[in-house]
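Chemist: Sharing a structure, written as structure tokens. Questions coming.
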Amino acid sequence: MRNILFAILFVAVATAALSSVLPWWIVWFAGLGAGLLWPQPTRAAGTAFLGAFVVWAGMALWLDQQNHGILSAKIGLLLRGAQPGFLVVMSGLLGGLLAAAGAWLGALFRSATNK
Amino acid sequence: MFALDTKYCTPIHTYFCFMRYFPLVIAACLSGFLFWALHAPIPLENAQLPPLGPFFNPYSGFWKNAEPVGAVPEGEIRLPGLQGRARVVFDDLMTPHIFAENEEDAFRIQGYITAQHRLWQMDITARQTAGRLSEVFGDRTLEADRLIRRRGLPYACERHWAAWQQSDTTRRMMEAYAEGVNAWIAQMRPADYPLEYKLLNYAPEPWTPLKSVLIIGSMMDALNNRDQDLAATNALAVFGRDTFDYLYPSYFTKNVPVVPDTGQWRLAPRAFKPAGNAPADWSVRESDTPPERALPVSFQDLNGSNNWVLSGSRTQSGAPILCNDMHLPLRLPHVWYQLQIHTPQHNTYGVIVPGVPGIVVGFNEQAAWGFTNVSQEVADWYKIDWTDTARTHYRLDGKIQAAQLRVEHIGVKGRPEALDTVRYTVWGPVVHDDSEHPLHDYAYRYVIHNAPDQNSLGRFYQIWQADNYSDYRAAIPGLGSLAQNVAFANQAGDIAITVQGQFPVRRYEQGRFLQDGSSSANAWLGFIPAEELPAMKNPSRGFVFSANQPSTDSSFPYFYLGNFDAYRGRRIHDRLKNMQAATVDSMIALQTDNYSQKPADALPVLLRLVQKEQLQAPQRDLLRKLEQWNYVYDRNSAAPTLFEMWFDSTYFRTWDELDTLRNRKQSVLFPESWRFIEMLDEDPLSVFFDHPATAVRESASDIATEAFLAVARRAADLPRDSLLWKHAKGLAIRHIARLDAFSRLDVATDGVRHAPNAIGADHGPSWRMIVELKTPVKAWGGYPGGQSGNPGSPYFDNMVDAWAAGDYYELLFLKDPAARPTGARKVVGTLSFIPAAR
């Protein structure tokens, strides 16, 4: 259990630290790192997903709150009436998916090479 | 690292190897797929949605453009090239007030701040005039890029910059501004790019002085680009001279000109003729030039404006009041940017188009000035007599001349660049290369192609420190070919107006029709000298004004033509001449006056003509609405809608002949609406009211009745609310890239393009300004947009609602950056600028 929390924290911190300086795909590497460290594929993918989801959705939500939803309402209209909440979740999902894919690959790689 | 150990690769081992690495391969494929899917652009209404990965990444995508509400600019910025320290104070409308130790520093900071607020708008406006939109939008803007290049806009701007950079002052100003913009661009990371760059998936490029000139060029073109030569030529060919003179008189006698005749032109020959006599009949002759549909100016939204000045004798305070509202297409981000510039030389407040250094319309501590468009025609077409089918040489005065070929390289996103050859003749460029186009062999003589005086821009900007009449007169010729009625007032009590611009000296009617380009004798005879341009100072009537009406009455010695307004100016004149002890409130009431002279002219005539005995009860109810109407275009009234429908219906039923011709590709100039009203009133039996297809001979009364019955039928079919003026007109303020999500669609407003409050369907007063020349100067203003160009900013469209309601903002005019104002405006933040090592 502690490992799981630790993995989530690892992905979240890595995502937050790296995303502000490197492009979007860096969240995949955060996941990959977690997968290499905790090579249980399903668990790695799940924890990475959670860690990245929380950071990306959290960041989006925070920016949206600060902005009083001015921009999310307009981007929502641009995307054929998407609700601001959907945009927040969408950001989280994309970050989460990327991290999970990285973590899954990392974990499988680790288990494939460790006998 | 791992490696397959080949000595174990028996079939069993292969199977186990496969089973062992298969999930890994699948996981790798999944990652690869995600990278690909999140990296590919997605098609959207008018644009492409950028790749989802970068767009939704909250650390660099669109979320980063969500500006925190309540955030204020604070801090210290090291700006390369700055010579001294400077401060920029922001008020609660996010208007910057720049306090710099010298002019160059002020422009550098202006570039930096304007880029921060409006970079994408600057970029796209410069691209539009340069014919470079296709680099961003691809194929769909290629025709627009080609046309603007073929019209010689980039060419004109290059010539302007070539001249202006010869002046040290102008060059240093333009370069300092560009360096300021570039300093802002240099410190941005992709995460900081304006939203539109992210949506359109491209990056900002460095700013240059030429781009600033391109933006000036876009304004010159917006205000000068008009001519009806082709449609008028065809009308003359189709109708013959007498009927032409009857339908299209060049002067409307009810108009009150910008500068009235006070005897100053008495000795000069008269350049205008009155309207011709009514023809008994008309016939169509064959014409070889089928023109486009040419509706007159009264059916178009004018890039026009109102300005006026009341002298102290007519104001309550005894100080002059200057008012200006400039009518332009309304877009988001807004066309104007407000700012104050304070240097040891001057202290000036006003507006500028983002991308251009300085202030173009505004006021200083002693004086104020405002613009309206002169609306004279300054572009003509000349037929080229080519000597060869490749159109490389042409005859001029019997001699053969080579056309200069300019090859335009148009970058197109996702495609190799397109090449286009434009032929430049002694007259100007040959614009249309489609052999079907009626102007295919015509060259375009356009005043903005002229190279300006190298000091002109610097000369105009002397107006920032103008405090007296002679300073103002000395500065305004610097406007060059930007033809404006420039109104002026100062604290000393002087009021003035000048019709400023480069106006060709024409022979009678020269430029009204297409011309022969094989003889240099057909060229303009030069330009009207500055001292002979119509001007007026301190008239005894106590006011000056302009509203895109003719510059003079028919006694002016020079012939000119143009698209002049026939209604707004008359209304403004009527109000001003009866105004005593005027206050700022009375000025607001006049700028937002929704009374139109057009129905005041037309409706009594239509009501007299309509055959009431033919109307049923519900139709009489409608008519009663119109009979009781006070000609005010109130948003909640249905009468304006009914009148507009009735008038247009009568108009187009009358000119059905012209529509028939248009369908035969022989369309001609439609008469002005004021001329049509004159015909309804004075000549109701004119042959033009007859429908050629019917056996009976219709009169104006028949047509007006027929039109009213049609309007009544339509009104009965429409939901009741849709007749209200706010719905019938419906103002839409669209985002420049036409993204509805960033637009303000359906803003409820009063007014109409022919009332002083000239709000049309997507057009209207773009900067309302009222300056009271007391000590100290006080001013009010507003525009339908906001200082920020970022759709994610609370300052993107924050002034729209106040503008729509006719409310004004008191403008903050500071003398000291540390001052804490006591009026309506508050200071919300301050940026300090200090020189940085380059």
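To be explicit about the labels: the chains of the structure tokens are called A, B, and onward in the order shown, and within each one the residues are counted from 1, while ligands get numbers from 1 in the order they are shown.
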Would you give me, as a ChimeraX atom specification, the residues in stretch 635-679 of chain B that DSSP reads as helix (DSSP H, G or I)?
Modeler: /B:639-654,656-663,673-679
Chemist: Select, as a list in words, those residues of chain B with any atom no more than 7 Å from chain A (distances computed using only C-alpha atoms).
Modeler: Phe2, Arg20, Tyr21, Leu24, Ala27, Ala28, Leu30, Ser31, Gly53, Pro54, Phe56, Asn57, Pro58, Tyr59, Trp63, Ala66, Glu67, Pro68, Val69, Ala741, Phe742, Pro791 and Gly792 of chain B
Chemist: Do you know which residues are at most 12 Å from A:Ile4 counting only C-alpha atoms, after dropping those on the same chain fewer than 4 positions away, and could you put them as an NGL selection string?
Modeler: :A and (8-11 or 34-35 or 37-40 or 42-51)
Chemist: Give me a file of those residues, with N, CA and C atoms, as an mmCIF file, in the first residue's frame.
Modeler:
```cif
data_model
loop_
_atom_site.group_PDB
_atom_site.id
_atom_site.type_symbol
_atom_site.label_atom_id
_atom_site.label_comp_id
_atom_site.auth_asym_id
_atom_site.auth_seq_id
_atom_site.Cartn_x
_atom_site.Cartn_y
_atom_site.Cartn_z
ATOM 1 N N ILE A 8 2.304 6.817 -6.689
ATOM 2 C CA ILE A 8 1.421 7.918 -7.107
ATOM 3 C C ILE A 8 2.116 9.250 -6.876
ATOM 4 N N LEU A 9 2.705 9.358 -5.699
ATOM 5 C CA LEU A 9 3.403 10.589 -5.347
ATOM 6 C C LEU A 9 4.565 10.838 -6.311
ATOM 7 N N PHE A 10 5.275 9.753 -6.620
ATOM 8 C CA PHE A 10 6.410 9.887 -7.530
ATOM 9 C C PHE A 10 5.943 10.462 -8.876
ATOM 10 N N VAL A 11 4.907 9.863 -9.435
ATOM 11 C CA VAL A 11 4.420 10.322 -10.751
ATOM 12 C C VAL A 11 3.911 11.763 -10.657
ATOM 13 N N ALA A 34 8.089 5.464 -13.188
ATOM 14 C CA ALA A 34 7.365 4.738 -12.146
ATOM 15 C C ALA A 34 7.288 3.254 -12.485
ATOM 16 N N GLY A 35 7.043 2.961 -13.765
ATOM 17 C CA GLY A 35 6.961 1.571 -14.202
ATOM 18 C C GLY A 35 8.285 0.842 -14.002
ATOM 19 N N LEU A 37 10.498 1.551 -11.761
ATOM 20 C CA LEU A 37 10.775 1.428 -10.332
ATOM 21 C C LEU A 37 9.873 0.403 -9.654
ATOM 22 N N TRP A 38 8.603 0.381 -10.076
ATOM 23 C CA TRP A 38 7.631 -0.542 -9.450
ATOM 24 C C TRP A 38 7.023 -1.430 -10.524
ATOM 25 N N PRO A 39 7.754 -2.501 -10.897
ATOM 26 C CA PRO A 39 7.420 -3.214 -12.143
ATOM 27 C C PRO A 39 6.243 -4.165 -12.030
ATOM 28 N N GLN A 40 5.175 -3.776 -11.433
ATOM 29 C CA GLN A 40 3.956 -4.589 -11.495
ATOM 30 C C GLN A 40 3.050 -3.882 -12.498
ATOM 31 N N THR A 42 0.011 -3.754 -14.078
ATOM 32 C CA THR A 42 -1.312 -3.167 -13.874
ATOM 33 C C THR A 42 -1.260 -2.088 -12.799
ATOM 34 N N ARG A 43 -0.567 -2.433 -11.702
ATOM 35 C CA ARG A 43 -0.502 -1.486 -10.594
ATOM 36 C C ARG A 43 0.263 -0.216 -11.020
ATOM 37 N N ALA A 44 1.338 -0.439 -11.778
ATOM 38 C CA ALA A 44 2.141 0.706 -12.228
ATOM 39 C C ALA A 44 1.294 1.633 -13.092
ATOM 40 N N ALA A 45 0.555 1.007 -14.031
ATOM 41 C CA ALA A 45 -0.268 1.823 -14.927
ATOM 42 C C ALA A 45 -1.321 2.586 -14.123
ATOM 43 N N GLY A 46 -1.958 1.912 -13.176
ATOM 44 C CA GLY A 46 -3.007 2.536 -12.371
ATOM 45 C C GLY A 46 -2.468 3.684 -11.540
ATOM 46 N N THR A 47 -1.352 3.438 -10.871
ATOM 47 C CA THR A 47 -0.807 4.505 -10.023
ATOM 48 C C THR A 47 -0.349 5.689 -10.871
ATOM 49 N N ALA A 48 0.285 5.388 -11.991
ATOM 50 C CA ALA A 48 0.754 6.477 -12.862
ATOM 51 C C ALA A 48 -0.437 7.283 -13.376
ATOM 52 N N PHE A 49 -1.487 6.552 -13.746
ATOM 53 C CA PHE A 49 -2.681 7.246 -14.233
ATOM 54 C C PHE A 49 -3.191 8.215 -13.164
ATOM 55 N N LEU A 50 -3.323 7.674 -11.955
ATOM 56 C CA LEU A 50 -3.843 8.514 -10.869
ATOM 57 C C LEU A 50 -2.959 9.724 -10.606
ATOM 58 N N GLY A 51 -1.662 9.466 -10.516
ATOM 59 C CA GLY A 51 -0.725 10.555 -10.214
ATOM 60 C C GLY A 51 -0.796 11.657 -11.253
#
```
